[in-house]
Every structure is written in structure tokens, then in C-alpha cells.
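Here the structure comes first, spelled out in C-alpha cells, and everything after it is commentary.
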Amino acid sequence: MTENAVTRSYEIYERAGELIPGRTQLISRRASRFANGISPVYAQSAKGSRFIDVDETEYIDWMSGVEAIILGHADDVVDRAVEKQIRRGSLYSLNSPLEIELAELLVDTIPSAEMVRYTKGGGEACAVAARIARGTTGRDKIIFCGYHGWHDWYQAANYEADPVSGEFPFAGIEPIGVPKVLAGTVIPFPYGDLDALRLLLDEHAGEVAAVMMEPLRSTLPEPGYLESVKELAHAHDTILIFDEVSCGWRLSVGGVQEYLGITPDMTVLAKAMSNGYPMGAVVGSRAVMEPASRMFVSSSYWSDNVGLAAAITTIRELKRRNSAAFFLETGEKLRRALNDSIAGAGLSGEFTGLHTHPNLTLSLPDETLLPKVNTLFIQEMARRGIHCPMGFSINMAHSVEDIRQTAEAASESFSVIRSGLESGDLDSLLLCDLKQDPFRRLVR
Ligand SMILES: Cc1ncc(COP(=O)(O)O)c(C=O)c1O
């Protein structure tokens with residue numbers, strides 16, 4: 001095995017420590033989320049299923065731009081549409097007719113969409129959805145399940161530490177800088193627990209503007225669960241919002257709501273809708289969305305032509321390339337190959353969850369070994385040119401050859417893990433600190 005150098009990455013990371021608080025713009029891109037010191041941190045280019053880091057090494061990328069890349073990095077068709085648009089101007093003084101073209105496409109594509117507003121990011125779109133829900137109902141409280149971004153309306157939930165465990169709804173995040181007066185305005189509910197949701201809605205009857213949730217993340221909900229959530233929400237005259245920023249697009253171009261046949265009142269979209277160009281949207285029924293015309297929901301870059309052109313082209317390409325079938329076939333192929341790697345190395349476990357996002361679940365003699373084993377997996381994969389977290393995010397540029405190379409690297413990595421488990425000395429195999437867990441999302 002040739003060792004990949006990451007010297008340049010960590011020189012830049014060191015410099016970032018002096019210039020950028022927290023070093024990265026997204027917490028999930030911090031080196032501490034991977035094998036710190038071994039995983040690459042900075043890329044210089046990306047194409048298809050791979051990127052080249054600043055130390056000139058090519059990696060197969062199973063992060064897919066934190067799921068924003070759905071067709072593949074630097075997709076030729078999307079990039080041609082973007083280049084054409086850039087030559088015509090990226091931002092006009094007037095409005096762009098592309099706003100209407102994309103709105104028509106979204107209304108045709110997303111089952112619950114009748115009206116549309118835009119943003120640039122996912123968290124921003126969640127904040128717009130919260131504003132519209134509050135404005136439309138005249139109520140202040142929001143009950144939620146999942147991750148919905150960095151804005152105050154949502155991070156205020158972390159003032160509600162669990163009195164028993166003392167844990168915040170999102171382990172690892174404190175609401176520093178979030179106005180304390182917002183405490184109690186946003187309340188988490190556990191995924192799958194209808195009684196808990198019912199109790200919360202009863203307790204706050206007449207005050208809840210919206211139930212906002214990720215309709216799923218890694219597994220399908222119990223049959224009828226989302227329908228019951230909708231019934232409960234509507235019984236309390238509360239708006240049901242699906243946050244499909246991460247789960248949408250890969251299962252079906254019409255989102256989870258099309259895949260499962262259950263429509264919310266409002267939907268938040270971002271990330272994969274534009275293959276890596278900044279774009280977000282809030283779509284919903286006319287009744288819920290129309291009152292937004294009287295609310296202050298306004299920003300200069302929401303008319304940016306680049307994101308609009310990228311989204312229009314991405315959505316058309318997903319349909320033309322029959323994306324849902326690709327993700328099913330490729331996800332299951334990847335899962336089978338990686339499961340064979342686990343078994344071949346003599347470990348027990350499997351890649352669980354939906355085909356869009358297979359997730360490593362090893363059975364260990366002692367669960368407390370998990371942080372070491374997870375870090376060792378990421379470390380050994382990185383040393384073999386594979387950039388992955390514990391869950392693999394697929395894009396349409398991933399090929400059979402990518403899967404073959406990934407499974408080969410996984411076989412070797414699992415063998416290293418097995419030798420560490422057998423010797424009882426995982427520590428001597430770890431070349432880095434333990435990776436930090438991602439924040440908890442309250443949704444499966
Ligand atoms: C479900 C969900 N909502 C909102 C967001 C926030 O999106 P952004 O990072 O674009 O602000 C994310 C990002 O991971 C997400 O997964």
C-alpha cells in the first residue's frame with residue numbers, strides 16, 4: 001500500500017485555525033469528523049465520482065459534497081447550462097424568468113407543490129418555511145424532528161436540555177449566541193413516537209404553527225406513521241412541513257413524498273436539487289404559501305441565475321437519466337460488495353439502511369469499541385484512497401469500478417479492524433485521534 005501524503009492539507013488546516021473560527025464553514029467538513037491527520041481536508045478539484053486533494057492524490061468520494069452532488073462532480077450537462085447562463089449574466093437588476101421556469105418544474109415534480117419560494121441554502125430555506133408557517137397560522141411554536149440548519153428559530157431547541165440526562169436535543173451543539181427569549185418556542189419530538197407528538201400537540205394546543213420533520217433519513221418509516229403525523233397535525237390546525245433537504249431527490253425525483261405517497265403542506269428542498277450550485281426552495285400548497293406575499297421574506301441573491309439554471313438542468317437530467325432506478329441498482333450493488341468485504345474479513349455486521357445511503361453497522365464484542373473501530377475504518381479507507389464517513393452517499397457518477405475498488409479497500413480495512421479486535425489492541429493501529437461523532441438528528 002502506498003501511503004497518501006496529506007502534508008499540504010494539514011498545513012492549510014493549521015493556517016485556517018488562525019483565520020477562520022472553527023476552521024471550516026460546515027461542521028461536517030472538520031478534520032475531527034474523519035481520521036484527523038490521515039484523511040484529506042482540502043480538495044483542489046473534483047470530477048465525476050472522485051476528487052484530487054491539495055497533495056495531488058485522487059480519492060473516490062463517498063461524501064458526494066455532503067450529499068449536494070447527485071449527478072456527479074462537475075457534471076458536463078449542468079456545467080454547460082451554468083456556463084451559458086454566466087455569459088448572459090449571473091444576477092440581473094430585474095427579475096429572472098428562470099424563477100418561473102423552475103417554479104413550473106417544481107410544481108410538476110413535487111406532489112405537494114402549488115407555489116414556490118427560493119433561497120440559496122437548506123438552513124435558510126427551513127427558516128423561510130418557519131417564517132411562513134408562523135405568519136400563515138399566527139402562531140409561534142414549532143414542533144420538529146430532525147436537523148434543520150443553523151438559524152435561531154431552530155437552534156433555540158437546545159435550551160431544552162433533557163432534565164434526566166442533561167443532554168441537549170443535539171448532542172455536541174450548545175445554543176451559544178441564540179437569544180434566550182426563544183427558549184420554549186421550538187420543541188423536539190422523537191421520530192416514530194406518535195404518542196409523544198400527540199402529547200406535545202395537546203400540551204401546546206392552539207400555539208403550534210408547524211410540525212417540521214425530516215420524513216426519513218436512513219430507513220423507511222413504519223407503514224402509516226407519516227399519515228398519522230399528518231392527521232395529528234391537521235387535527236390541531238398545524239402545518240406539516242417535510243424537510244427533504246437531505247432525504248429528497250435520491251429516492252425519487254419527487255422526493256420522499258412521492259416515493260411514499262404522502263404529501264405535507266410545505267416542503268423544504270436544497271442541496272441535491274442543483275448538483276452543487278447554491279439553491280434552495282420552499283414549496284407548498286397555495287393556502288399555506290400565498291400569505292407569504294405579505295411577509296418580509298426577501299433577499300438579493302435568491303434571484304441568482306446560476307442556481308436557477310443549475311436546478312432546472314439538474315432536475316431535467318435526473319428524470320432523463322432515470323435516477324431512481326440508478327440509485328436502487330447502484331446502492332444495492334455497493335451494499336452487497338461491502339457486506340462481502342465484512343464477511344470476507346471474518347467480521348459480523350452489514351451495511352444497513354436505505355440503498356441511497358448504506359451505513360456501516362458492525363457487531364462488536366463490546367459496543368464501547370465502536371468509536372475506535374469507526375475511526376479505524378475511516379483511517380484505513382483514506383489510506384487506500386477512499387474518502388467516506390460511516391454512511392456512503394452515492395451520486396450518479398459512481399461506477400462499477402468505483403464499487404470494486406471501494407470493496408477491495410474495505411476488505412483490507414476490515415482485516416486491519418479484525419486484527420485489532422483479536423489482539424485487543426486497536427490503539428496501536430490508530431494513527432489519529434478518535435473521530436468526533438456528528439450531532440444527533442433525532443431521526444432515523
Ligand atoms: C435535513 C436538513 N435540513 C437542513 C439542512 C441545512 O442545509 P444547509 O447546510 O444547506 O444550510 C441540512 C444540511 O445537512 C439537512 O440535512
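Residue numbers start at 1 in each chain; chains themselves are named A, B, ... in the order of the C-alpha cells; ligands are numbered from 1 in the order shown.
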- Task: Name each residue within 9 Å of ligand 1, counting only C-alpha atoms and all ligand atoms, as a PyMOL selection string.
- Result: chain A and resi 26+28+66-68+120-126+146-151+213-214+217+242-247+268-271+278-280+441
- Query: Tell me, which residues of stretch 36-213 of chain A carry DSSP strand (DSSP E or B), written as number ranges by chain?
  - Reply: A: 43-48, 50-53, 58-61, 73, 115-119, 141-145, 186-188, 208-213
Can you spit out the residues from that selection as a PDB file, in the first residue's frame, using C-alpha atoms?
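Output file out.pdb follows:
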ATOM      1  CA  ALA A  43      -9.522  19.410  -2.343  1.00  0.00           C
ATOM      2  CA  GLN A  44      -8.263  21.217  -5.421  1.00  0.00           C
ATOM      3  CA  SER A  45     -10.629  19.692  -7.985  1.00  0.00           C
ATOM      4  CA  ALA A  46     -13.438  17.198  -8.346  1.00  0.00           C
ATOM      5  CA  LYS A  47     -14.877  15.387 -11.350  1.00  0.00           C
ATOM      6  CA  GLY A  48     -17.464  12.609 -11.515  1.00  0.00           C
ATOM      7  CA  ARG A  50     -13.630  11.482  -7.496  1.00  0.00           C
ATOM      8  CA  PHE A  51     -11.675  14.437  -6.174  1.00  0.00           C
ATOM      9  CA  ILE A  52      -7.990  15.355  -6.134  1.00  0.00           C
ATOM     10  CA  ASP A  53      -6.793  16.741  -2.833  1.00  0.00           C
ATOM     11  CA  GLU A  58      -7.068  11.119  -6.217  1.00  0.00           C
ATOM     12  CA  TYR A  59      -9.797   9.762  -3.910  1.00  0.00           C
ATOM     13  CA  ILE A  60     -13.074   8.025  -4.625  1.00  0.00           C
ATOM     14  CA  ASP A  61     -15.604  10.315  -2.950  1.00  0.00           C
ATOM     15  CA  HIS A  73     -18.962  16.390  -9.549  1.00  0.00           C
ATOM     16  CA  MET A 115     -46.416  27.706  -5.007  1.00  0.00           C
ATOM     17  CA  VAL A 116     -42.679  28.189  -4.627  1.00  0.00           C
ATOM     18  CA  ARG A 117     -40.127  30.470  -2.933  1.00  0.00           C
ATOM     19  CA  TYR A 118     -36.357  30.274  -3.312  1.00  0.00           C
ATOM     20  CA  THR A 119     -33.289  30.565  -1.111  1.00  0.00           C
ATOM     21  CA  LYS A 141     -44.347  27.459  18.348  1.00  0.00           C
ATOM     22  CA  ILE A 142     -42.794  24.833  16.132  1.00  0.00           C
ATOM     23  CA  ILE A 143     -42.513  21.146  16.953  1.00  0.00           C
ATOM     24  CA  PHE A 144     -39.768  19.414  14.997  1.00  0.00           C
ATOM     25  CA  CYS A 145     -37.874  16.198  14.396  1.00  0.00           C
ATOM     26  CA  VAL A 186     -39.272  25.196  19.315  1.00  0.00           C
ATOM     27  CA  ILE A 187     -39.691  21.724  20.743  1.00  0.00           C
ATOM     28  CA  PRO A 188     -38.251  18.385  19.559  1.00  0.00           C
ATOM     29  CA  VAL A 208     -48.235  25.361  17.296  1.00  0.00           C
ATOM     30  CA  ALA A 209     -47.657  26.815  13.832  1.00  0.00           C
ATOM     31  CA  ALA A 210     -45.950  23.783  12.339  1.00  0.00           C
ATOM     32  CA  VAL A 211     -44.711  20.270  12.753  1.00  0.00           C
ATOM     33  CA  MET A 212     -41.440  20.260  10.806  1.00  0.00           C
ATOM     34  CA  MET A 213     -39.679  16.950  10.229  1.00  0.00           C
TER      35      MET A 213
END
- Hey, what's within 8 Å of A:Phe414 if we count only C-alpha atoms and toss same-chain stuff fewer than 2 positions away? As a PyMOL selection string, please? chain A and resi 341-342+345+347+377+410-412+416-418
- Task: Would you work out the distance separating atom CA of A:Arg286 from atom CA of A:Leu216, expressed in Å to one decimal?
- Result: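 Atom-to-atom, atom CA of A:Arg286 and atom CA of A:Leu216 are spaced 24.8 Å apart.
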- Message: Taking only stretch 233-265 of chain A into account, list the residues labelled alpha helix (DSSP H) by DSSP (computed from the backbone), as number ranges by chain.
- Response: A: 233-235, 256-260
Could you please take those selected residues and save C-alpha atoms as an mmCIF file, in the first residue's frame?
data_model
loop_
_atom_site.group_PDB
_atom_site.id
_atom_site.type_symbol
_atom_site.label_atom_id
_atom_site.label_comp_id
_atom_site.auth_asym_id
_atom_site.auth_seq_id
_atom_site.Cartn_x
_atom_site.Cartn_y
_atom_site.Cartn_z
ATOM 1 C CA ALA A 233 -51.020 17.999 12.797
ATOM 2 C CA HIS A 234 -54.197 18.800 10.885
ATOM 3 C CA ALA A 235 -56.395 17.970 13.869
ATOM 4 C CA VAL A 256 -39.905 11.094 -0.175
ATOM 5 C CA GLN A 257 -43.469 12.359 -0.504
ATOM 6 C CA GLU A 258 -43.721 10.897 -3.999
ATOM 7 C CA TYR A 259 -41.876 7.717 -3.024
ATOM 8 C CA LEU A 260 -44.213 7.063 -0.072
#
- Task: Mind giving me the straight-line distance from atom CA of A:Ala311 to atom CA of A:Gly261 in Å, one decimal?
- Result: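 Computing the Euclidean distance for atom CA of A:Ala311 and atom CA of A:Gly261 yields 23.5 Å.
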- Query: Could you pull the residues within 8 Å of A:Leu430, counting only C-alpha atoms, minus those fewer than 2 positions along the same chain, as number ranges by chain?
  - Reply: A: 372, 375-376, 379, 426-428, 432-433
Serialized selection, C-alpha atoms, as a PDB file, in the first residue's frame:
ATOM      1  CA  LYS A 372     -12.195   3.298  17.774  1.00  0.00           C
ATOM      2  CA  THR A 375     -12.210   5.863  13.250  1.00  0.00           C
ATOM      3  CA  LEU A 376     -10.002   2.967  12.174  1.00  0.00           C
ATOM      4  CA  GLN A 379      -8.466   5.945   8.531  1.00  0.00           C
ATOM      5  CA  LEU A 426      -6.943  -1.214  18.427  1.00  0.00           C
ATOM      6  CA  ASP A 427      -4.987   1.698  19.854  1.00  0.00           C
ATOM      7  CA  SER A 428      -1.696   0.749  18.279  1.00  0.00           C
ATOM      8  CA  CYS A 432      -5.075   9.630  14.722  1.00  0.00           C
ATOM      9  CA  ASP A 433      -7.410  10.893  17.454  1.00  0.00           C
TER      10      ASP A 433
END
- Could you give me, as a list in words, the residues within 6 Å of A:Ser274, counting only C-alpha atoms and dropping anything in the same chain fewer than 2 positions from it? Ala272, Gly276, Tyr277, Ala310, Ala311 and Thr314 of chain A
- Item | Which residue of A:Leu318, A:Ala337, A:Val178, A:Ala16 approaches A:Val41 most closely, using only C-alpha atoms |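 Using only C-alpha atoms, A:Val41 sits closest to A:Ala16.
Each of A:Gly391, A:Gly138, A:Pro358, A:Gly420 was checked against A:Val373 using only C-alpha atoms; the smallest atom-to-atom distance is that of A:Gly420.
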- Item | A:Leu94, A:Val6, A:Ile241, A:Leu19 ranked by distance to A:Tyr42, top pick (using only C-alpha atoms) |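 Among A:Leu94, A:Val6, A:Ile241, A:Leu19, it is A:Val6 that comes nearest to A:Tyr42.
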- Message: So that I can see what lies close to stretch 323-331 of chain A, please list as a PyMOL selection string the residues with an atom at most 9 Å from it, counting only C-alpha atoms and leaving out residues fewer than 6 positions away in the same chain.
- Response: chain A and resi 71+249-253+317+354-358+394-396+398-400+403
